[in-house]
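**Q** Can you read through this structure? Questions will come right after.
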Amino acid sequence: MHDDRTLVEARLKRVLDERIRPAVYPESAPLDVAVWHAPGEPVPVAEGLAAEPEPIAVGARWGAPWGTSWFRVTGTVPQEWAGKTVEAILDLGFDENMPGFQCEGLVYRPDGTPVKGLNPRNQWVRIGSPAEGGEEVRLHIEAASNPVILDYHPFVPTPLGDKDTAGSEPQYTLARMDLAVLDETVWQLVIDLEVLGELMAELPVDSPRRWEILRAVDRALDLVDLQDVNATAERARSCLTEVLSAPAVPSAHRISAVGHAHIDSAWLWPLRETVRKVARTTANMTALLDDEPEFVFAMSQAQQWAWVKEHRPEVWARVKKAVADGRFVPAGGMWVESDTNMPGSEAMARQFVHGKRFFLDEFGIENDEAWLPDTFGFAAGLPQIIKAAGSKYLLTQKISWSQTNKFPHHTFQWEGVDGTRIFTHFPPVDTYNCSMKGSEIAHAARNFKDKGAARHSLAPTGWGDGGGGTTREMVAKAARLRNLEGSAAVTWETPSEFFAKAAAEYPEPPVWVGELYLELHRGTLTSQAKTKQGNRRSEHLLREAELWAATAAVRTGFRYPYEELDRIWKTVLLHQFHDILPGSSTAWVHREARATYERVAAELNGIIDAAERALAGEADVPLVFNAAPHPRAAVLAGGAAAAGEDRPAEPVARPGGGYVLDNGLVRIEIDERGLVVSARDLEADRETIAPGEAGNLLQLHPDFPNMWDAWDVDKFYRNTVTDLTDADEITATEDGVRIVRSFGSSRVTQLLSLAPGERRLEVDTEVDWHETEKFLKLAFPLDLHAERYASETQFGHFHRPTHTNTSWEAAKFEACNHRFVHLEEPGWGVAVVNDSTYGHDVTRTVRTEGDRGTTTTVRVSLLRAPRFPDPETDQGVHRFRHALVVGAGIGDAVREGWRINLPERRLTGAGEVAPLLTVDRESVVITAVKLADDGSGDVVVRFHEAHGGRARATLTTGFPATGVQVTDLLERPLADTEPPVLDGDRISVRLRPFELMTLRLKRA
């Protein structure tokens, strides 16, 4: 029997490959082809259509990297083809093994009407069904010669990732430009045999169903005349009818297929190319919807929808119609599929605000789900944000990529830092590019970890990233798998239909508490430092711009810049996409990102300056504006007061070399190497630095991961380390101690300073970085025993262990924080705060000599130097600001994290500027003060409990308010929430630990 099985499987493969598939198009005739190569960047469609092309032959090379070529194909359908189905086969030189990572095309009619996209596994354009014979064919193809960067050896450094370095050598060979007859019976036979052959391969060897299929396939192949497949295909199909009509068992796993095309908003191509990828894919999918009545397609990322609307109005018209029909579905409710580890609190909230509002404004549709199949892990603050946006579900797939631990559920409740739970699903198909292969469907059913309690899962189905989305072959396979014995049952459904069924059948799923940590791609917390700095700075500039513009609008009649802020927010949110902010895109993407952040900063600084000047008035009193949520000296949060003078502690020579900084609260000893050998809390009489150790220690590691250079840091990088202890110079300055070090081809200049009246040692680091495949860390070994530490995340913080008791803890050897990490023993702690870094690690060791205490080391990740996909990643000058906060409680960590990211602004004016809103509880942190997005003039304030405990607080308004409402993130009143009482200018609120609240205040 075994021999029979293997013989039939081998026979099926050869007959399909060599006889049946070639017979799908039994007759063909060449088309005439001409081409015009657009100079420089892509041109408007009208210009491409009007250009005068020159003849080109099949077999010719075409397409400089990142170029655009407009092909014109013409021909006549032969008269003898009348009554047959005729298609144009347009192969630009595709490699079918790589859908989405090479050349692509969008086909237009002569009048500019888009027809469909051309992709490696979608090369056809329907001409007639049936054809009349004699029709004149004239089509135009806007072809993008995007270079292959991720090929079969994907980690080789390449200059192709930037048009400035990619050269002009043609990339592709024009392969086939024909009219052809489609034999639909043979095409259907191919699908029949593929479905049955793939199912047969997945069934147990001793399964009767497997042998039933094998015999049916064997008989069908007997009936195929290999010299005349087209004449015998129908009788071969008839042999398969019975085996294809056997129904699935009632207990079969249920798969909701969702048409899908995961399109990275930038990755191995620039943003401008994503605009065209989306147009090609949406043109494809609207065409497929017309042909396949059961098919449903979902597309996420409101930004991509907006691109279609702006750049391809003809495609947009088709999309709008398909949405109205309920079959082209907005998904996810976010501006882009962003990273969720690094975006700050407000930015993560605004992803949903702008995404959901776009779909509401354009279609009147509100999403219930967050759709993030490819995001690199999920921060513990996200569930509350999803709920506050009015959504209740989350879908992702990427956690299946974890290297060490297999996640124990596919459907579960995910609980965030404040206790909010979100119904979450990981598709057990383990891909967001499902193609309806039998191996994929069988894997989904076998792999589903919640079987017995639940039996529904979702399969995102279609080629992404320019692969063209779902194909007609996938739809045909799904039709056969709808109710087929031996297989899971497949049905096309929308995400909302799936989640409704899944939640109904699984009312008490298991609960996972805390972050969803991806045990992979940890290097994305550090790669492309300037992109990360641009994001962090933009987030805080936006806070300042909204705060001061709102204050000035209420106080002086200043024009609140609604349109400008809306546009800038969308730009910043776009760049939080999960391959831009994580630093895993090409050089072109990050070069443009740096320029964009510079423009954003200039525009926001202009708004801030104009608003502050309107508030300050005309006079010469020195003023300090404080946009942080905590007071500074005499300056209230969100206000301005007379400037005070302060100077850092003056360096004093240290016996044995180095310097001492002492401000009466903290005494810092810096040795002759420029290392911090003591940081003493004078009031607590407590040493911060572990005995025999030194802080401000720069450490250099080799960094050559096994895969995914810009993405990954593998644990073995720690096996080799070089401590950078040699100093070129160490000098005292009026601002602190200056240290210069050289290593390799790089140079580091640091300034260590101690502010008066504060417990923070400020570390200002400038790195002129010219290393390759190296990892630079900044270490602070602390004399502190802590089994866990706190990392800031959106609207709160959460704890990670410092130990490695289990494989789950050991896998978190590189993790994310926002503005601080905090460690403490009861009553005393230490914080390390930053202005732009995210990656870090915390380790603990037990000292075996001396006091036998515990050393807990915090290391900040500064720079990496991967060579793929950007071979020049992070080369050049970088500046980082950190602070070691001695004797810090969690409240100090929160406050100092805000302080380092929101420096004071100084200008002259008439006098004090009172805040628009104040709060009387330090643990209640105001994250946004703005005017309502609807232009009503209402003031919106968003705040949260930041210390991890319950809080009663009073907000005081600095303007006459006549009413208050609790709202969701979109500033809509929450019907089931009792509004707080407005008593004059006071509003009393109660908050749970880390609870987020948004209030909308009506102005008098």
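Lettering and numbering for the structure tokens are positional, with chains as A, B, ... in the shown order, residues counted from 1 in each chain, and ligands counted from 1 in the shown order.
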Which neighbours of Phe798 (chain A) fall inside 8 Å, counting only C-alpha atoms, when residues of the same chain fewer than 2 positions from it are skipped, and could you give them as a ChimeraX atom specification?

**A** /A:380,417,514,790-793,796,800

**Q** Keeping only N, CA and C atoms, write the selected residues as a CSV table (one decimal), in the first residue's frame.

**A**
chain,number,residue,atom,x,y,z
A,380,ALA,N,1.9,46.1,27.4
A,380,ALA,CA,0.9,45.8,28.4
A,380,ALA,C,-0.1,46.9,28.5
A,417,VAL,N,-2.3,46.5,31.9
A,417,VAL,CA,-1.8,47.0,33.2
A,417,VAL,C,-2.9,47.5,34.1
A,514,GLY,N,-0.4,40.9,31.2
A,514,GLY,CA,0.9,41.5,30.9
A,514,GLY,C,1.2,41.6,29.5
A,790,ALA,N,10.4,48.0,37.1
A,790,ALA,CA,9.3,48.6,36.4
A,790,ALA,C,9.8,49.3,35.1
A,791,SER,N,9.1,49.1,34.0
A,791,SER,CA,9.3,49.7,32.8
A,791,SER,C,8.1,50.6,32.4
A,792,GLU,N,8.3,51.8,32.0
A,792,GLU,CA,7.2,52.6,31.6
A,792,GLU,C,6.6,52.1,30.3
A,793,THR,N,5.3,52.1,30.2
A,793,THR,CA,4.6,51.8,28.9
A,793,THR,C,3.5,52.7,28.7
A,796,GLY,N,1.1,54.0,32.0
A,796,GLY,CA,1.5,53.3,33.2
A,796,GLY,C,2.8,52.6,33.0
A,800,ARG,N,8.8,43.5,35.1
A,800,ARG,CA,9.5,42.3,34.6
A,800,ARG,C,10.4,41.8,35.7

**Q** I want to know what sits within 7 Å of Ser338 (chain A), based on only C-alpha atoms, with residues of the same chain fewer than 2 positions away left out; could you give that as a ChimeraX atom specification?

**A** /A:336,340,375,576-578

**Q** Go ahead and dump the residues you just picked, N, CA and C atoms, as a PDB file, in the first residue's frame.

**A**
ATOM      1  N   VAL A 336      -2.089  53.241  11.005  1.00  0.00           N
ATOM      2  CA  VAL A 336      -1.276  52.214  10.367  1.00  0.00           C
ATOM      3  C   VAL A 336      -1.184  51.032  11.329  1.00  0.00           C
ATOM      4  N   THR A 340       3.764  48.574  18.606  1.00  0.00           N
ATOM      5  CA  THR A 340       3.026  48.942  19.819  1.00  0.00           C
ATOM      6  C   THR A 340       3.925  48.985  21.045  1.00  0.00           C
ATOM      7  N   THR A 375       2.901  42.875  13.864  1.00  0.00           N
ATOM      8  CA  THR A 375       3.581  43.736  14.819  1.00  0.00           C
ATOM      9  C   THR A 375       4.436  42.913  15.783  1.00  0.00           C
ATOM     10  N   GLN A 576       5.296  55.539  12.705  1.00  0.00           N
ATOM     11  CA  GLN A 576       5.313  54.518  13.748  1.00  0.00           C
ATOM     12  C   GLN A 576       4.973  53.142  13.180  1.00  0.00           C
ATOM     13  N   PHE A 577       4.830  53.061  11.871  1.00  0.00           N
ATOM     14  CA  PHE A 577       4.589  51.767  11.236  1.00  0.00           C
ATOM     15  C   PHE A 577       5.653  50.759  11.675  1.00  0.00           C
ATOM     16  N   HIS A 578       5.279  49.484  11.701  1.00  0.00           N
ATOM     17  CA  HIS A 578       6.123  48.492  12.369  1.00  0.00           C
ATOM     18  C   HIS A 578       7.382  48.071  11.603  1.00  0.00           C
TER      19      HIS A 578
END

**Q** Check the DSSP output for the backbone and give back, as a PyMOL selection string, the residues of region 195-370 of chain A in strand (DSSP E or B).

**A** chain A and resi 254-259+297-299+328-330+338+369-370

**Q** For the atom pair CA of Arg952 (chain A) and CA of Arg992 (chain A), what is the interatomic distance in Å to one decimal place?

**A**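 Calculated distance between CA of Arg952 (chain A) and CA of Arg992 (chain A) is 9.2 Å.
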
**Q** Could you name the residues that touch Leu784 (chain A) at 12 Å or less, counting only C-alpha atoms, but leaving out those on the same chain fewer than 2 positions away, as a ChimeraX atom specification?

**A** /A:686-691,780-782,786-789,802,822-831,842-847,852-858,886-887

**Q** Got a sec: who's within 7 Å of region 919-925 of chain A, counting only C-alpha atoms, leaving out chain neighbours fewer than 3 positions off, as an mmCIF file with C-alpha atoms, in the first residue's frame?

**A**
data_model
loop_
_atom_site.group_PDB
_atom_site.id
_atom_site.type_symbol
_atom_site.label_atom_id
_atom_site.label_comp_id
_atom_site.auth_asym_id
_atom_site.auth_seq_id
_atom_site.Cartn_x
_atom_site.Cartn_y
_atom_site.Cartn_z
ATOM 1 C CA PRO A 629 2.735 67.422 33.805
ATOM 2 C CA GLY A 891 6.768 58.879 41.377
ATOM 3 C CA PHE A 943 -5.000 61.813 32.221
ATOM 4 C CA HIS A 944 -4.212 58.576 34.009
ATOM 5 C CA GLU A 945 -3.100 57.217 37.344
ATOM 6 C CA ALA A 946 0.646 56.710 36.907
ATOM 7 C CA HIS A 947 1.951 55.166 40.133
ATOM 8 C CA ALA A 953 -7.816 63.835 42.603
ATOM 9 C CA THR A 954 -9.233 67.259 41.912
ATOM 10 C CA LEU A 955 -8.770 68.936 38.567
ATOM 11 C CA THR A 956 -8.998 72.716 38.582
#

**Q** Which residue is closest to Glu18 (chain A)? Choose from A:Glu485, A:Leu776, A:Pro801, A:Gln227 and count only C-alpha atoms.

**A** A:Gln227

**Q** From the list A:Phe363, A:Phe868, A:Trp316, A:Trp769, which residue is nearest Ala710 (chain A) when using only C-alpha atoms?

**A**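 Result for the nearest residue to Ala710 (chain A): A:Phe868.
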
**Q** Just the alpha helix (DSSP H) stuff from region 455-699 of chain A, please, per backbone DSSP, written as a VMD selection string.

**A** chain A and resid 472 to 480 495 to 505 529 to 556 562 to 574 587 to 616

**Q** Measuring between only C-alpha atoms, which one of A:Val767, A:Ala257, A:Leu547, A:Ala283 shows the shortest distance to Gly466 (chain A)?

**A**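 Smallest separation from Gly466 (chain A) among the options: A:Ala283.
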